[in-house]
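**Student:** Dropping the structure in here first, questions after.
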Amino acid sequence: MRWALVKVCLAVTAMVVVAFAVPLGLVVQEMASDRAFSNAERQAATIGPTLSITTDPTQLSKAVESTQMGAARRMAVHVPAIGDSQPVSIGEGRAGERAVAETRRMGRATTAKVSGGGSALLQPTALGSGDIAVVEIFVPESEVSNGVATAWLVLAGVGLALIVGSVAVADRLGARLVRPAERLADAAHQLGEGRLGARVPEAGPKELRSAAVAFNAMADQVVELLANERELAADLSHRLRTPLTVLRLNTASLGDGPAAEQTRAAVEQLEREVDTIIRTAREQRPATGLVGAGAGCDASEVIRDRMDFWSALAEDEGREVRLAGVDRTVRIPVARPELAAALDAMLGNVFRHTPEGTPFAVDVHDAGDAVIVLVSDAGPGISDPDAALRRGNDGGRDGSTGLGLDIVRRVAESTGGDVRLGRSVLGGTEVRVWIGLDGRSAGGPGGGRPGRGRRGNRRNRGRATP
């Protein structure tokens, strides 16, 4: 593309130079010729007054020699026969008699080529007797072409400079067009090879800038789609942990025997496979929000529904359950499936990491600009919440994928809220989820200043409990 632009510019400039330089050179040549013959006519006119007075050869010879052209032996006077006298030619004539006779007959100035180079101007002049004398001025070739060669050289130099300059400008313009296109092509190859961080600088002509903006938007969309796909795979896999937890707990009541051992081994194998899927899906995943701005549900209804499920398991294990704050509608900007997944993650942790018979509670508080969901238990508690978050992030413990509180965190952050771990009033662990109603992180009873949780959440971004 770059060389094509250079070739086009070269061809166009060359045609323009030829179209203007050649006619201009011809005009200069014609002007030089006109200038030489005009000067010859003026020199021929200087002998006219003498011819109108006398035709005496001696007087005419003196008059011719006194002129510039006569002294340079470039003037001749051809006097016709007058009466009984013979025709007289004074000076060194170069034109033939035929050319002189033709000029006398025509009565106007003519030019004739001279053998050996140059031209002769033949100027008719009237005598006192009424006859016509012819004054001949020799014009050498060097005078006719004086300055023409220099003019052609100047025109050629100007034309060459124009061509070189146009080629240089075309090359720069071509480079300005080609470089953004090459960057765009290179970024497309990188993206095709799986390097998702490839982006194009939004520079160059307007059209290529638009293409770069579109490419970058497309690359961002690809990254977001892949991230959402990984998150979806991880979330779906993690949601399998709830029924797996139920199966694992139920296998404890099967007693001993080959069938019971095989069932427990199968459940453990299934848990390990689900953990592997979750960890694989979470590798190198960029943080993306999954909760849409227009999504929403009744938190009380979702909590009641999920507690109906977990209450049966709690009854089997002898756990006391307390549920508070769900007797009225509490609308939150979270999709129902996302809130259900977050609740299952928190309640699953209670059943997985506390002994049987340990009571737990779920409380919902409407703080006006935020909804607070508390899941607390009377278990051994967590002495170091930050360490628990770090431990959950690496998923290094058996039965832990590191995704439980990550799901809860992303649900809360999508509304401007956050997640906090602490000591519950029951003596064990408390998971406090702040769900913002107006896009801001809010404080609450016992929660400290508004916005405190958001700063802490940024510090622990990406960390989760088992």
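In the structure tokens, chains take letters A, B, ... by order of appearance, with residues numbered from 1 within each chain and ligands from 1 in the order shown.
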Please provide the set of residues having any atom within 12 Å of Gly204 (chain A), restricted to only C-alpha atoms, with same-chain residues fewer than 6 positions apart removed, written as JSON, numbers by chain.
**Tutor:** {"A": [173, 174, 175, 176, 177, 178, 179, 180, 181, 182, 183, 184, 210, 211, 212, 213]}
**Student:** Can you write just those residues out, N, CA, C and O atoms, as an mmCIF file, in the first residue's frame?
**Tutor:**
data_model
loop_
_atom_site.group_PDB
_atom_site.id
_atom_site.type_symbol
_atom_site.label_atom_id
_atom_site.label_comp_id
_atom_site.auth_asym_id
_atom_site.auth_seq_id
_atom_site.Cartn_x
_atom_site.Cartn_y
_atom_site.Cartn_z
ATOM 1 N N LEU A 173 3.242 10.105 4.083
ATOM 2 C CA LEU A 173 1.798 9.899 4.211
ATOM 3 C C LEU A 173 1.464 8.415 4.157
ATOM 4 O O LEU A 173 0.595 7.928 4.894
ATOM 5 N N GLY A 174 2.153 7.693 3.256
ATOM 6 C CA GLY A 174 1.922 6.251 3.173
ATOM 7 C C GLY A 174 2.291 5.550 4.468
ATOM 8 O O GLY A 174 1.580 4.652 4.925
ATOM 9 N N ALA A 175 3.420 5.964 5.064
ATOM 10 C CA ALA A 175 3.824 5.370 6.342
ATOM 11 C C ALA A 175 2.794 5.681 7.427
ATOM 12 O O ALA A 175 2.475 4.823 8.264
ATOM 13 N N ARG A 176 2.264 6.899 7.395
ATOM 14 C CA ARG A 176 1.246 7.277 8.389
ATOM 15 C C ARG A 176 -0.016 6.439 8.234
ATOM 16 O O ARG A 176 -0.711 6.151 9.206
ATOM 17 N N LEU A 177 -0.321 6.051 7.002
ATOM 18 C CA LEU A 177 -1.484 5.204 6.762
ATOM 19 C C LEU A 177 -1.184 3.738 7.047
ATOM 20 O O LEU A 177 -2.028 3.014 7.580
ATOM 21 N N VAL A 178 0.006 3.309 6.695
ATOM 22 C CA VAL A 178 0.327 1.883 6.766
ATOM 23 C C VAL A 178 0.609 1.445 8.200
ATOM 24 O O VAL A 178 0.203 0.352 8.605
ATOM 25 N N ARG A 179 1.316 2.267 8.985
ATOM 26 C CA ARG A 179 1.690 1.838 10.336
ATOM 27 C C ARG A 179 0.473 1.488 11.192
ATOM 28 O O ARG A 179 0.469 0.433 11.842
ATOM 29 N N PRO A 180 -0.572 2.341 11.240
ATOM 30 C CA PRO A 180 -1.756 1.920 12.011
ATOM 31 C C PRO A 180 -2.381 0.637 11.472
ATOM 32 O O PRO A 180 -2.840 -0.204 12.250
ATOM 33 N N ALA A 181 -2.387 0.478 10.139
ATOM 34 C CA ALA A 181 -2.943 -0.756 9.570
ATOM 35 C C ALA A 181 -2.094 -1.963 9.961
ATOM 36 O O ALA A 181 -2.622 -3.043 10.269
ATOM 37 N N GLU A 182 -0.762 -1.791 9.959
ATOM 38 C CA GLU A 182 0.110 -2.895 10.367
ATOM 39 C C GLU A 182 -0.084 -3.223 11.843
ATOM 40 O O GLU A 182 -0.086 -4.401 12.228
ATOM 41 N N ARG A 183 -0.223 -2.176 12.675
ATOM 42 C CA ARG A 183 -0.472 -2.438 14.097
ATOM 43 C C ARG A 183 -1.790 -3.171 14.298
ATOM 44 O O ARG A 183 -1.887 -4.078 15.135
ATOM 45 N N LEU A 184 -2.805 -2.777 13.525
ATOM 46 C CA LEU A 184 -4.099 -3.439 13.633
ATOM 47 C C LEU A 184 -3.990 -4.903 13.226
ATOM 48 O O LEU A 184 -4.530 -5.793 13.897
ATOM 49 N N SER A 210 -11.094 4.747 13.906
ATOM 50 C CA SER A 210 -12.373 4.076 14.150
ATOM 51 C C SER A 210 -12.199 2.570 14.165
ATOM 52 O O SER A 210 -12.789 1.869 14.998
ATOM 53 N N ALA A 211 -11.374 2.056 13.246
ATOM 54 C CA ALA A 211 -11.117 0.618 13.222
ATOM 55 C C ALA A 211 -10.405 0.171 14.498
ATOM 56 O O ALA A 211 -10.703 -0.896 15.051
ATOM 57 N N ALA A 212 -9.459 0.984 14.988
ATOM 58 C CA ALA A 212 -8.755 0.636 16.223
ATOM 59 C C ALA A 212 -9.703 0.632 17.414
ATOM 60 O O ALA A 212 -9.640 -0.259 18.272
ATOM 61 N N VAL A 213 -10.587 1.628 17.480
ATOM 62 C CA VAL A 213 -11.568 1.675 18.573
ATOM 63 C C VAL A 213 -12.465 0.443 18.526
ATOM 64 O O VAL A 213 -12.736 -0.196 19.558
#
**Student:** Which parts of region 170-332 of chain A does DSSP call strand (DSSP E or B) when run on the backbone here, written out as an MDAnalysis selection string?
**Tutor:** chainID A and resid 297:298 321:324 331:332
**Student:** What does the distance from CA of Leu437 (chain A) to CA of Gly416 (chain A) come to in Å, to one decimal?
**Tutor:** 8.2 Å
**Student:** One decimal, Å: what's the distance from CA of Met218 (chain A) over to CA of Asp406 (chain A), could you say?
**Tutor:**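 Between CA of Met218 (chain A) and CA of Asp406 (chain A) the gap is 27.4 Å.
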**Student:** Within 12 Å of Met106 (chain A), counting only C-alpha atoms, which residues show up once you throw out same-chain ones fewer than 2 positions away? Write them as a list in words, please.
**Tutor:** Ala99, Val100, Ala101, Glu102, Thr103, Arg104, Arg108, Ala109, Thr110, Leu122, Gln123, Pro124, Thr125, Ile132 and Val134 of chain A
**Student:** Could you save those same residues with C-alpha atoms as a PDB file, in the first residue's frame?
**Tutor:**
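This went into part29.pdb:
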ATOM      1  CA  ALA A  99      16.777  35.948 -50.380  1.00  0.00           C
ATOM      2  CA  VAL A 100      17.659  39.644 -50.845  1.00  0.00           C
ATOM      3  CA  ALA A 101      15.559  39.898 -54.004  1.00  0.00           C
ATOM      4  CA  GLU A 102      12.644  38.154 -52.309  1.00  0.00           C
ATOM      5  CA  THR A 103      12.754  40.583 -49.381  1.00  0.00           C
ATOM      6  CA  ARG A 104      12.887  43.586 -51.778  1.00  0.00           C
ATOM      7  CA  ARG A 108       8.829  43.407 -45.327  1.00  0.00           C
ATOM      8  CA  ALA A 109      11.483  41.936 -43.069  1.00  0.00           C
ATOM      9  CA  THR A 110      12.407  38.297 -43.545  1.00  0.00           C
ATOM     10  CA  LEU A 122      16.816  41.115 -44.041  1.00  0.00           C
ATOM     11  CA  GLN A 123      15.202  44.520 -43.399  1.00  0.00           C
ATOM     12  CA  PRO A 124      13.894  46.523 -46.467  1.00  0.00           C
ATOM     13  CA  THR A 125      14.576  50.292 -46.308  1.00  0.00           C
ATOM     14  CA  ILE A 132      14.274  49.644 -51.890  1.00  0.00           C
ATOM     15  CA  VAL A 134      17.971  45.767 -48.029  1.00  0.00           C
TER      16      VAL A 134
END
**Student:** Please identify all polymer residues within 8 Å of Thr354 (chain A), counting only C-alpha atoms, omitting same-chain residues fewer than 3 positions from it, and present them as a list in words.
**Tutor:**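 The residues satisfying every condition are Val350, Phe351, Thr358, Gly379 and Pro380 of chain A.
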**Student:** What would the file look like if the residues just selected were written as an mmCIF file, in the first residue's frame with C-alpha atoms?
**Tutor:**
data_model
loop_
_atom_site.group_PDB
_atom_site.id
_atom_site.type_symbol
_atom_site.label_atom_id
_atom_site.label_comp_id
_atom_site.auth_asym_id
_atom_site.auth_seq_id
_atom_site.Cartn_x
_atom_site.Cartn_y
_atom_site.Cartn_z
ATOM 1 C CA VAL A 350 -21.689 -23.704 58.262
ATOM 2 C CA PHE A 351 -22.565 -27.353 57.710
ATOM 3 C CA THR A 358 -24.107 -26.473 66.239
ATOM 4 C CA GLY A 379 -19.088 -23.011 66.145
ATOM 5 C CA PRO A 380 -15.432 -22.632 67.065
#
**Student:** If you measure from CA of Asp377 (chain A) to CA of Gly428 (chain A), what distance in Å do you get, rounded to one decimal?
**Tutor:** 5.1 Å
**Student:** Contacts of Ala219 (chain A) at 10 Å or less, counting only C-alpha atoms, minus same-chain residues fewer than 6 places along, as a VMD selection string?
**Tutor:** chain A and resid 187 to 188 191 196 to 200 213 225
**Student:** I'd like the contact shell of region 298-315 of chain A - 7 Å cut-off, only C-alpha atoms, skipping same-chain residues fewer than 4 positions apart - returned as a PyMOL selection string.
**Tutor:** chain A and resi 319+326+328-332+336+340
**Student:** Residues within 7 Å of region 429-434 of chain A, please, as a ChimeraX atom specification. Count only C-alpha atoms; anything in the same chain fewer than 4 positions from it doesn't count.
**Tutor:** /A:370-377,379,381-382,412,417-424
**Student:** Based on the selection just made, write N, CA and C atoms of those residues as an mmCIF file, in the first residue's frame.
**Tutor:**
data_model
loop_
_atom_site.group_PDB
_atom_site.id
_atom_site.type_symbol
_atom_site.label_atom_id
_atom_site.label_comp_id
_atom_site.auth_asym_id
_atom_site.auth_seq_id
_atom_site.Cartn_x
_atom_site.Cartn_y
_atom_site.Cartn_z
ATOM 1 N N ALA A 370 -29.143 0.273 52.437
ATOM 2 C CA ALA A 370 -28.472 -1.013 52.266
ATOM 3 C C ALA A 370 -29.274 -2.084 52.981
ATOM 4 N N VAL A 371 -29.108 -3.314 52.515
ATOM 5 C CA VAL A 371 -29.690 -4.480 53.175
ATOM 6 C C VAL A 371 -28.542 -5.327 53.695
ATOM 7 N N ILE A 372 -28.630 -5.740 54.966
ATOM 8 C CA ILE A 372 -27.565 -6.509 55.597
ATOM 9 C C ILE A 372 -28.065 -7.921 55.848
ATOM 10 N N VAL A 373 -27.347 -8.893 55.327
ATOM 11 C CA VAL A 373 -27.663 -10.296 55.553
ATOM 12 C C VAL A 373 -26.571 -10.871 56.440
ATOM 13 N N LEU A 374 -26.964 -11.433 57.595
ATOM 14 C CA LEU A 374 -26.025 -12.002 58.551
ATOM 15 C C LEU A 374 -26.233 -13.505 58.627
ATOM 16 N N VAL A 375 -25.163 -14.245 58.456
ATOM 17 C CA VAL A 375 -25.179 -15.690 58.675
ATOM 18 C C VAL A 375 -24.185 -15.975 59.800
ATOM 19 N N SER A 376 -24.682 -16.415 60.949
ATOM 20 C CA SER A 376 -23.825 -16.619 62.122
ATOM 21 C C SER A 376 -24.039 -18.016 62.680
ATOM 22 N N ASP A 377 -23.026 -18.492 63.355
ATOM 23 C CA ASP A 377 -23.117 -19.824 63.966
ATOM 24 C C ASP A 377 -22.455 -19.801 65.331
ATOM 25 N N GLY A 379 -20.208 -22.101 66.262
ATOM 26 C CA GLY A 379 -19.088 -23.011 66.145
ATOM 27 C C GLY A 379 -17.830 -22.476 66.787
ATOM 28 N N GLY A 381 -15.560 -20.715 65.555
ATOM 29 C CA GLY A 381 -15.209 -19.371 65.114
ATOM 30 C C GLY A 381 -13.904 -19.316 64.339
ATOM 31 N N ILE A 382 -13.581 -18.107 63.899
ATOM 32 C CA ILE A 382 -12.360 -17.879 63.116
ATOM 33 C C ILE A 382 -11.526 -16.854 63.869
ATOM 34 N N ALA A 412 -22.217 -8.924 46.402
ATOM 35 C CA ALA A 412 -22.279 -7.695 47.189
ATOM 36 C C ALA A 412 -21.650 -6.521 46.448
ATOM 37 N N GLY A 417 -21.663 -2.892 47.683
ATOM 38 C CA GLY A 417 -21.471 -3.348 49.047
ATOM 39 C C GLY A 417 -20.198 -4.138 49.225
ATOM 40 N N ASP A 418 -20.138 -4.948 50.319
ATOM 41 C CA ASP A 418 -18.965 -5.757 50.564
ATOM 42 C C ASP A 418 -19.312 -6.887 51.520
ATOM 43 N N VAL A 419 -18.287 -7.674 51.882
ATOM 44 C CA VAL A 419 -18.445 -8.813 52.790
ATOM 45 C C VAL A 419 -17.441 -8.657 53.925
ATOM 46 N N ARG A 420 -17.872 -8.963 55.177
ATOM 47 C CA ARG A 420 -16.990 -8.887 56.335
ATOM 48 C C ARG A 420 -17.119 -10.171 57.161
ATOM 49 N N LEU A 421 -16.024 -10.599 57.717
ATOM 50 C CA LEU A 421 -16.005 -11.740 58.634
ATOM 51 C C LEU A 421 -15.729 -11.237 60.041
ATOM 52 N N GLY A 422 -16.407 -11.853 60.999
ATOM 53 C CA GLY A 422 -16.172 -11.458 62.384
ATOM 54 C C GLY A 422 -16.697 -12.494 63.356
ATOM 55 N N ARG A 423 -16.791 -12.102 64.635
ATOM 56 C CA ARG A 423 -17.280 -12.975 65.697
ATOM 57 C C ARG A 423 -18.767 -12.711 65.881
ATOM 58 N N SER A 424 -19.567 -13.772 65.862
ATOM 59 C CA SER A 424 -21.015 -13.623 65.989
ATOM 60 C C SER A 424 -21.429 -13.571 67.455
#
**Student:** Let me make sure I understand: among A:Val18, A:Glu65, A:Pro57, A:Arg35, which one has the smallest atom-to-atom distance to Leu155 (chain A) if we use only C-alpha atoms?
**Tutor:**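 Under the stated criterion, the closest residue is A:Val18.
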**Student:** Can you list, as a ChimeraX atom specification, all residues belonging to region 115-326 of chain A that DSSP tags as alpha helix (DSSP H)?
**Tutor:** /A:141-144,148-192,206-239,241-251,258-282,299-316
